[in-house]
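Enquirer: Take a look at coords39.cif, mmCIF, C-alpha atoms:
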data_run
#
loop_
_atom_site.label_atom_id
_atom_site.label_comp_id
_atom_site.auth_asym_id
_atom_site.auth_seq_id
_atom_site.Cartn_x
_atom_site.Cartn_y
_atom_site.Cartn_z
CA MET Z 808 133.74 -43.41 -136.25
CA ALA Z 809 134.93 -43.57 -132.66
CA ILE Z 810 135.86 -46.13 -130.10
CA THR Z 811 134.70 -45.39 -126.56
CA GLN Z 812 136.11 -47.49 -123.78
CA ALA Z 813 133.31 -48.72 -121.58
CA MET Z 814 131.87 -51.63 -119.70
CA ALA Z 815 129.03 -52.97 -121.80
CA THR Z 816 125.69 -52.14 -120.28
CA SER Z 817 124.42 -55.55 -121.34
CA PHE Z 818 127.29 -57.08 -119.34
CA LYS Z 819 126.18 -55.22 -116.22
CA VAL Z 820 122.68 -56.65 -116.58
CA GLU Z 821 124.11 -60.08 -117.29
CA ILE Z 822 126.20 -59.95 -114.12
CA LEU Z 823 122.97 -59.49 -112.18
CA ASP Z 824 121.48 -62.32 -114.21
CA GLY Z 825 124.37 -64.60 -113.27
CA ILE Z 826 125.43 -65.14 -116.87
CA HIS Z 827 129.16 -64.54 -116.50
CA ASN Z 828 131.48 -66.59 -114.32
CA PHE Z 829 135.08 -65.48 -113.93
CA GLY Z 830 135.71 -67.72 -110.95
CA THR Z 831 135.72 -71.43 -110.38
CA GLY Z 832 133.60 -73.81 -108.42
CA VAL Z 833 130.32 -72.17 -109.27
CA VAL Z 834 127.73 -74.69 -110.37
CA ARG Z 835 124.31 -73.62 -111.47
CA ALA Z 836 121.89 -76.48 -111.75
CA SER Z 837 118.87 -74.30 -112.43
CA THR Z 838 118.04 -71.50 -114.79
CA ALA Z 839 115.53 -70.10 -112.29
CA ALA Z 840 116.28 -66.99 -110.31
CA ASP Z 841 117.89 -67.58 -106.95
CA VAL Z 842 115.89 -67.06 -103.77
CA PHE Z 843 116.86 -63.87 -102.01
CA LYS Z 844 115.85 -63.17 -98.45
CA ILE Z 845 115.99 -60.28 -96.00
CA ALA Z 846 116.79 -60.76 -92.32
CA LEU Z 847 116.45 -58.14 -89.59
CA TYR Z 848 119.10 -57.35 -86.96
CA THR Z 849 119.32 -55.48 -83.71
CA SER Z 850 121.75 -52.67 -83.01
CA SER Z 851 124.08 -55.21 -81.40
CA ALA Z 852 124.84 -56.77 -84.76
CA THR Z 853 128.04 -56.15 -86.65
CA LEU Z 854 127.27 -56.02 -90.35
CA SER Z 855 129.31 -54.33 -93.03
CA ALA Z 856 130.92 -54.79 -96.42
CA ALA Z 857 132.97 -57.48 -94.72
CA THR Z 858 129.86 -59.57 -94.06
CA THR Z 859 130.01 -62.66 -96.26
CA ALA Z 860 126.88 -64.61 -95.31
CA TYR Z 861 123.67 -64.64 -93.32
CA THR Z 862 124.22 -65.04 -89.61
CA THR Z 863 121.88 -65.62 -86.71
CA SER Z 864 124.10 -63.53 -84.44
CA ASN Z 865 122.03 -60.64 -83.12
CA GLU Z 866 119.24 -61.35 -85.56
CA VAL Z 867 115.85 -60.18 -84.29
CA SER Z 868 114.43 -62.76 -81.92
CA SER Z 869 111.83 -65.17 -83.22
CA SER Z 870 110.28 -65.53 -79.78
CA GLY Z 871 107.03 -63.60 -79.35
CA THR Z 872 107.83 -61.23 -82.18
CA ASN Z 873 106.05 -62.83 -85.15
CA TYR Z 874 109.48 -62.77 -86.78
CA THR Z 875 110.88 -66.00 -88.18
CA ALA Z 876 114.63 -66.65 -88.13
CA GLY Z 877 116.08 -66.08 -91.57
CA GLY Z 878 113.60 -63.34 -92.34
CA GLN Z 879 111.39 -63.23 -95.38
CA THR Z 880 111.80 -64.13 -99.02
CA LEU Z 881 112.03 -61.15 -101.31
CA THR Z 882 109.95 -60.87 -104.46
CA ILE Z 883 111.88 -59.54 -107.42
CA SER Z 884 109.52 -56.94 -108.83
CA GLN Z 885 111.89 -55.87 -111.57
CA VAL Z 886 114.31 -58.38 -113.00
CA PRO Z 887 117.71 -56.99 -113.97
CA THR Z 888 117.29 -54.31 -116.59
CA SER Z 889 119.11 -51.19 -117.68
CA THR Z 890 118.44 -47.53 -118.13
CA GLY Z 891 121.12 -45.58 -119.90
CA THR Z 892 124.33 -47.33 -118.90
CA THR Z 893 123.16 -48.43 -115.45
CA ALA Z 894 121.91 -51.92 -114.70
CA TRP Z 895 119.46 -52.27 -111.82
CA LEU Z 896 116.76 -54.38 -110.23
CA ASP Z 897 114.01 -53.94 -107.68
CA PHE Z 898 112.28 -55.85 -104.90
CA ASP Z 899 108.73 -55.56 -103.59
CA ASP Z 900 108.24 -54.06 -100.14
CA VAL Z 901 108.32 -56.61 -97.37
CA THR Z 902 106.12 -56.46 -94.26
CA TRP Z 903 106.12 -58.33 -90.98
CA ALA Z 904 102.52 -58.11 -89.78
CA SER Z 905 101.41 -58.24 -86.15
CA ALA Z 906 105.05 -57.93 -85.23
CA THR Z 907 106.59 -56.81 -81.98
CA LEU Z 908 110.21 -56.13 -82.74
CA THR Z 909 112.99 -53.59 -82.93
CA ALA Z 910 115.51 -53.66 -85.75
CA ASN Z 911 118.42 -51.44 -86.61
CA GLY Z 912 119.31 -52.90 -89.98
CA ALA Z 913 118.94 -55.80 -92.36
CA LEU Z 914 120.87 -58.18 -94.54
CA ILE Z 915 119.82 -59.22 -98.02
CA TYR Z 916 121.26 -62.61 -98.79
CA ASN Z 917 121.09 -65.37 -101.36
CA ALA Z 918 119.36 -68.36 -99.81
CA THR Z 919 120.04 -70.44 -102.91
CA GLN Z 920 123.79 -69.85 -102.81
CA SER Z 921 124.64 -70.94 -99.28
CA ASN Z 922 123.11 -67.79 -97.75
CA LYS Z 923 125.85 -65.61 -99.19
CA ALA Z 924 125.53 -61.91 -98.37
CA VAL Z 925 124.30 -59.46 -100.99
CA ALA Z 926 123.80 -56.15 -99.21
CA VAL Z 927 123.71 -54.67 -95.74
CA LEU Z 928 120.97 -52.13 -95.04
CA ALA Z 929 121.31 -49.64 -92.19
CA PHE Z 930 118.04 -48.13 -91.00
CA GLY Z 931 119.78 -45.16 -89.41
CA GLY Z 932 118.48 -46.02 -85.96
CA ASP Z 933 116.20 -48.42 -84.15
CA LYS Z 934 112.83 -48.99 -85.81
CA THR Z 935 110.11 -50.53 -83.63
CA SER Z 936 106.72 -52.07 -84.20
CA THR Z 937 104.49 -53.24 -81.35
CA ALA Z 938 101.75 -55.68 -82.33
CA GLY Z 939 101.77 -53.87 -85.65
CA ASN Z 940 103.37 -53.72 -89.05
CA PHE Z 941 107.07 -53.51 -89.77
CA THR Z 942 107.64 -52.65 -93.43
CA VAL Z 943 110.84 -52.24 -95.38
CA GLN Z 944 110.13 -50.29 -98.54
CA PHE Z 945 112.71 -50.42 -101.24
CA PRO Z 946 113.70 -47.22 -103.02
CA ALA Z 947 112.24 -46.02 -106.28
CA ALA Z 948 112.99 -48.40 -109.11
CA THR Z 949 115.07 -46.13 -111.27
CA SER Z 950 118.61 -46.22 -112.52
CA THR Z 951 119.65 -43.62 -109.95
CA THR Z 952 117.83 -44.90 -106.87
CA ALA Z 953 117.09 -48.63 -107.14
CA ILE Z 954 118.23 -50.93 -104.39
CA LEU Z 955 120.95 -52.65 -106.45
CA ARG Z 956 122.67 -50.87 -109.29
CA ILE Z 957 125.77 -51.28 -111.41
CA ALA Z 958 126.56 -47.84 -112.78
CA MET W 456 143.11 -45.53 -120.01
CA SER W 457 140.51 -46.61 -117.52
CA PHE W 458 136.87 -45.99 -116.80
CA ALA W 459 134.77 -45.96 -113.68
CA ALA W 460 132.04 -48.44 -112.97
CA GLY W 461 130.74 -49.59 -109.66
CA MET W 462 127.97 -51.23 -107.71
CA GLU W 463 125.68 -49.00 -105.73
CA ILE W 464 122.99 -49.64 -103.16
CA GLY W 465 119.84 -47.62 -102.60
CA ASN W 466 118.35 -46.45 -99.32
CA VAL W 467 115.33 -48.23 -97.90
CA PHE W 468 112.46 -46.63 -96.02
CA VAL W 469 111.17 -48.34 -92.89
CA GLN W 470 107.61 -47.77 -91.71
CA THR W 471 106.16 -49.24 -88.51
CA THR W 472 102.99 -49.15 -86.43
CA SER W 473 101.99 -50.05 -82.90
CA ASN W 474 98.79 -51.91 -82.06
CA ARG W 475 97.22 -51.22 -85.45
CA GLY W 476 97.56 -51.59 -89.18
CA TYR W 477 98.54 -48.76 -91.47
CA THR W 478 96.38 -45.68 -91.90
CA PRO W 479 95.36 -44.63 -95.42
CA GLU W 480 97.81 -41.74 -95.11
CA GLU W 481 100.71 -44.06 -94.28
CA ILE W 482 99.89 -46.39 -97.14
CA ALA W 483 99.48 -43.44 -99.47
CA GLU W 484 102.95 -42.21 -98.50
CA ARG W 485 104.54 -45.45 -99.62
CA ALA W 486 102.29 -45.79 -102.65
CA LEU W 487 103.38 -42.33 -103.73
CA ASN W 488 107.02 -43.39 -103.57
CA ARG W 489 106.16 -46.09 -106.09
CA LEU W 490 103.73 -44.13 -108.22
CA ARG W 491 106.31 -41.46 -108.93
CA ARG W 492 108.28 -43.87 -111.05
CA THR W 493 105.55 -45.71 -112.94
CA GLU W 494 105.79 -45.29 -116.67
CA THR W 495 102.95 -47.39 -118.02
CA GLU W 496 99.29 -47.85 -117.22
CA GLU W 497 99.93 -51.50 -116.33
CA GLU W 498 102.64 -50.53 -113.81
CA LEU W 499 100.28 -47.96 -112.33
CA LYS W 500 97.56 -50.59 -112.02
CA GLN W 501 99.88 -53.04 -110.29
CA VAL W 502 101.03 -50.44 -107.76
CA LEU W 503 97.44 -49.49 -106.98
CA ILE W 504 96.43 -53.13 -106.57
CA ARG W 505 99.36 -53.79 -104.24
CA TYR W 506 98.66 -50.88 -101.93
CA LEU W 507 94.87 -51.23 -101.98
CA GLN W 508 95.40 -54.84 -100.95
CA GLU W 509 97.63 -53.61 -98.16
CA ALA W 510 94.91 -51.20 -97.03
CA GLN W 511 92.51 -54.13 -96.82
CA ASP W 512 95.04 -56.14 -94.83
CA SER W 513 95.58 -53.26 -92.42
CA GLU W 514 91.88 -52.86 -91.82
CA ARG W 515 91.65 -56.59 -91.19
CA MET W 516 94.47 -56.26 -88.66
CA ASN W 517 92.60 -53.48 -86.89
CA ALA W 518 89.41 -55.56 -86.78
CA ARG W 519 91.35 -58.55 -85.44
CA ARG W 520 92.86 -56.42 -82.68
CA ILE W 521 89.48 -54.97 -81.66
CA LEU W 522 87.90 -58.41 -81.53
CA THR W 523 90.79 -59.81 -79.52
CA GLU W 524 90.77 -56.94 -77.04
CA ASN W 525 87.06 -57.51 -76.45
CA GLY W 526 87.41 -61.21 -75.83
CA PHE W 527 86.35 -62.52 -79.23
CA VAL W 528 89.62 -64.35 -79.84
CA ASP W 529 87.99 -67.15 -81.84
CA ALA W 530 86.22 -64.71 -84.11
CA ALA W 531 89.47 -62.81 -84.55
CA SER W 532 91.24 -65.98 -85.63
CA HIS W 533 88.87 -66.28 -88.58
CA LEU W 534 90.28 -63.07 -89.99
CA GLY W 535 93.60 -64.78 -90.64
CA ASP W 536 97.12 -63.53 -90.02
#
Show me this structure written as structure tokens.
Expert:
Amino acid sequence: MAITQAMATSFKVEILDGIHNFGTGVVRASTAADVFKIALYTSSATLSAATTAYTTSNEVSSSGTNYTAGGQTLTISQVPTSTGTTAWLDFDDVTWASATLTANGALIYNATQSNKAVAVLAFGGDKTSTAGNFTVQFPAATSTTAILRIA
Amino acid sequence: MSFAAGMEIGNVFVQTTSNRGYTPEEIAERALNRLRRTETEEELKQVLIRYLQEAQDSERMNARRILTENGFVDAASHLGD
């Protein structure tokens, strides 16, 4: 017999499922998954771990770009699951078609929960499409690479 | 006694085009990223469906552009967004 101190893997998945609530003031009226969105930003934007919510400041313009303010809704292709002791989830790729835009990064945010920030994505430089496709592909859906993981 | 646990974020891959849809090679590159991690036949099928659909969409975008550039704007509009 042995006792091994650890965070329960099931708990990690349940955090992503919104099961546990250590705070106050959180009201969940629905058992459905929240709506998560991804917005694109120019290199003038300031986004970091300190970002708390979606902002229109330095978001890619919605004028003549085929980009709509607020970005696109993400499809959860893998609901929270676990492999080994890591909980993770995955989103489908997202594409802006016939788009003329330049973006340097993106913000994933929770549109259901007052647009609260989830993750900041840095593209590593300006990415440009001209009357073409602009696709953000999420990393391989594994416990070591997936877009959101609790290890 | 303590233990380490933390949240991590993966790296995304951005792919863009100018004045066209994606080529089969570009779509294959992204499909391959997904195919590498499929474990079941159903997952494999879904990945193939997704990227084959994207290939169709890209070809439609190319056709729309050609029609528009040659003055057939109305015809191009029938191909959708």
Enquirer: Residues of chain Z within 6 Å of chain W, counting all atoms listed in the file, what are they? List them as a ChimeraX atom specification.
Expert: /Z:936-946,952-958
Enquirer: Could you pull out every residue with an atom within 12 Å of (88.2, -65.7, -90.8), file coordinates, counting all atoms listed in the file, and send them as a PDB file with C-alpha atoms, keeping the file's coordinate frame?
Expert:
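Dumped to out_5.pdb:
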ATOM      1  CA  ARG W 515      91.650 -56.590 -91.190  1.00  0.00           C
ATOM      2  CA  MET W 516      94.470 -56.260 -88.660  1.00  0.00           C
ATOM      3  CA  ALA W 518      89.410 -55.560 -86.780  1.00  0.00           C
ATOM      4  CA  ARG W 519      91.350 -58.550 -85.440  1.00  0.00           C
ATOM      5  CA  LEU W 522      87.900 -58.410 -81.530  1.00  0.00           C
ATOM      6  CA  VAL W 528      89.620 -64.350 -79.840  1.00  0.00           C
ATOM      7  CA  ASP W 529      87.990 -67.150 -81.840  1.00  0.00           C
ATOM      8  CA  ALA W 530      86.220 -64.710 -84.110  1.00  0.00           C
ATOM      9  CA  ALA W 531      89.470 -62.810 -84.550  1.00  0.00           C
ATOM     10  CA  SER W 532      91.240 -65.980 -85.630  1.00  0.00           C
ATOM     11  CA  HIS W 533      88.870 -66.280 -88.580  1.00  0.00           C
ATOM     12  CA  LEU W 534      90.280 -63.070 -89.990  1.00  0.00           C
ATOM     13  CA  GLY W 535      93.600 -64.780 -90.640  1.00  0.00           C
ATOM     14  CA  ASP W 536      97.120 -63.530 -90.020  1.00  0.00           C
TER      15      ASP W 536
END
Enquirer: If I take CA of Ala815 (chain Z) and CA of Thr831 (chain Z), how far is one from the other in Å, to one decimal?
Expert: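 These two atoms are separated by 22.7 Å.
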Enquirer: Val834 (chain Z): which residues within 12 Å, counting only C-alpha atoms, same-chain residues fewer than 4 positions away excluded, as a ChimeraX atom specification?
Expert: /Z:825-828,830,838,919-920
Enquirer: Any chance you could resolve the PyMOL selection byres ((chain Z and resi 820) around 8) against this file and give the residues as a PyMOL selection string?
Expert: chain Z and resi 816-819+821-824+887-889+894-895
Enquirer: Considering all atoms listed in the file, return as a count of residues only whatever protein or nucleic-acid residues lie within 8 Å of Leu854 (chain Z), sequence-local ones (same chain, fewer than 4 positions apart) excluded.
Expert: 3
Enquirer: From the set Z:Ser837, Z:Thr880, Z:Thr859, Z:Gln812, which residue has the shortest atom-to-atom contact distance to Ala924 (chain Z), counting only C-alpha atoms?
Expert: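 Checking each of Z:Ser837, Z:Thr880, Z:Thr859, Z:Gln812 against Ala924 (chain Z), counting only C-alpha atoms, the winner is Z:Thr859.
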